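Trainee: One structure coming up, written as structure tokens, with questions to follow.
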Amino acid sequence: MNLFKLSGLISIIAGIICCAMLFYPALLPFSLLCAIVGYTFSTINVYLNAKFEITKSWFSIGYIGMVLSSIPVIFILVLIISNH
């Protein structure tokens with residue numbers, strides 16, 4: 001399996017895991033760590049797609065990983081804003 005497919009799968013799996021951890025507030029730090037991993041691999045996936053034009057469509061699987069990995073950060077921002 002090449003690095004492009006592997007980075008896409010890791011980013012989606014890490015994104016799903018970090019979103020699932022949001023149901024338990026005690027796991028929020030681990031969710032953020034998992035989000036960093038997912039966002040890093042999704043960035044690698046999008047970069048490789050842009051550099052080598054692997055997929056000919058406009059949509060790369062790394063974007064799904066980016067959205068999923070951004071959800072814990074958005075969740076924390078909503079918590080901070082709602083407490084003020």
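Letters A, B, ... go to the chains of the structure tokens in the order shown; residues in each chain start at 1; ligands are counted from 1 in the same order.
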Leaving out Tyr63 of chain A and any residue of its chain fewer than 2 positions from it, which residues lie within 12 Å of it when counting only C-alpha atoms, given as number ranges by chain?

Mentor: A: 7-9, 11-12, 15, 38-47, 49, 58-61, 65-70

Trainee: Please save C-alpha atoms of the selected residues as a CSV table (one decimal), in the first residue's frame.

Mentor:
chain,number,residue,atom,x,y,z
A,7,SER,CA,-2.2,8.5,4.9
A,8,GLY,CA,-5.8,8.8,3.8
A,9,LEU,CA,-6.9,5.8,5.8
A,11,SER,CA,-6.5,10.3,8.8
A,12,ILE,CA,-10.1,9.0,8.5
A,15,GLY,CA,-10.8,11.4,12.8
A,38,GLY,CA,-5.4,12.7,12.0
A,39,TYR,CA,-4.8,16.3,10.8
A,40,THR,CA,-1.1,15.6,10.1
A,41,PHE,CA,-1.9,12.5,8.0
A,42,SER,CA,-4.7,14.3,6.1
A,43,THR,CA,-2.3,17.1,5.3
A,44,ILE,CA,0.2,14.6,4.0
A,45,ASN,CA,-2.6,13.1,1.9
A,46,VAL,CA,-3.7,16.4,0.4
A,47,TYR,CA,-0.1,17.4,-0.2
A,49,ASN,CA,-2.5,14.5,-4.1
A,58,TRP,CA,-11.5,17.6,-7.3
A,59,PHE,CA,-12.1,15.7,-4.0
A,60,SER,CA,-9.4,14.0,-2.0
A,61,ILE,CA,-10.1,11.6,0.8
A,65,GLY,CA,-9.9,13.4,7.6
A,66,MET,CA,-9.4,17.1,8.0
A,67,VAL,CA,-13.0,17.8,8.8
A,68,LEU,CA,-13.2,14.9,11.2
A,69,SER,CA,-10.0,15.9,13.0
A,70,SER,CA,-11.2,19.5,13.3

Trainee: Find the spatial neighbours of segment 71-82 of chain A, counting only C-alpha atoms, within a cut-off of 8 Å - ignore same-chain residues fewer than 6 positions away - and output them as a ChimeraX atom specification.

Mentor: /A:18-19,22,28,31-32,35

Trainee: Write the residues of the selection above to a file with N, CA and C atoms, as a short mmCIF file (atom, residue, chain, number, x, y, z; two decimals), in the first residue's frame.

Mentor:
data_model
loop_
_atom_site.label_atom_id
_atom_site.label_comp_id
_atom_site.auth_asym_id
_atom_site.auth_seq_id
_atom_site.Cartn_x
_atom_site.Cartn_y
_atom_site.Cartn_z
N CYS A 18 -11.21 10.24 17.23
CA CYS A 18 -11.23 11.45 18.05
C CYS A 18 -12.65 12.00 18.18
N CYS A 19 -13.50 11.79 17.19
CA CYS A 19 -14.90 12.21 17.32
C CYS A 19 -15.65 11.30 18.29
N LEU A 22 -15.22 12.20 22.01
CA LEU A 22 -15.89 13.40 22.50
C LEU A 22 -17.12 13.09 23.35
N LEU A 28 -11.11 14.07 26.57
CA LEU A 28 -10.91 15.20 25.68
C LEU A 28 -9.44 15.45 25.33
N SER A 31 -8.51 12.95 22.79
CA SER A 31 -9.17 13.26 21.54
C SER A 31 -8.39 14.32 20.76
N LEU A 32 -7.86 15.29 21.46
CA LEU A 32 -7.05 16.32 20.79
C LEU A 32 -5.74 15.74 20.25
N ALA A 35 -6.62 13.96 17.21
CA ALA A 35 -6.95 14.92 16.17
C ALA A 35 -5.68 15.47 15.51
#

Trainee: To one decimal in Å, tell me the separation between atom CA of Phe52 of chain A and atom CA of Ile16 of chain A.

Mentor: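 So the two atoms, atom CA of Phe52 of chain A and atom CA of Ile16 of chain A, lie 26.8 Å apart.
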
Trainee: Please identify the helix (DSSP H, G or I) residues within chain A (assignment by DSSP from backbone atoms) and present them as a PyMOL selection string.

Mentor: chain A and resi 3-23+25-52+62-82

Trainee: Rank nothing, just name the residue among A:Ile36, A:Pro29, A:Met21, A:Phe4 nearest to Lys51 of chain A, using only C-alpha atoms.

Mentor: A:Phe4

Trainee: In Å to one decimal, how far is atom CA of Ala14 of chain A from atom CA of Lys56 of chain A?

Mentor: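 Going from atom CA of Lys56 of chain A over to atom CA of Ala14 of chain A, I get 25.0 Å.
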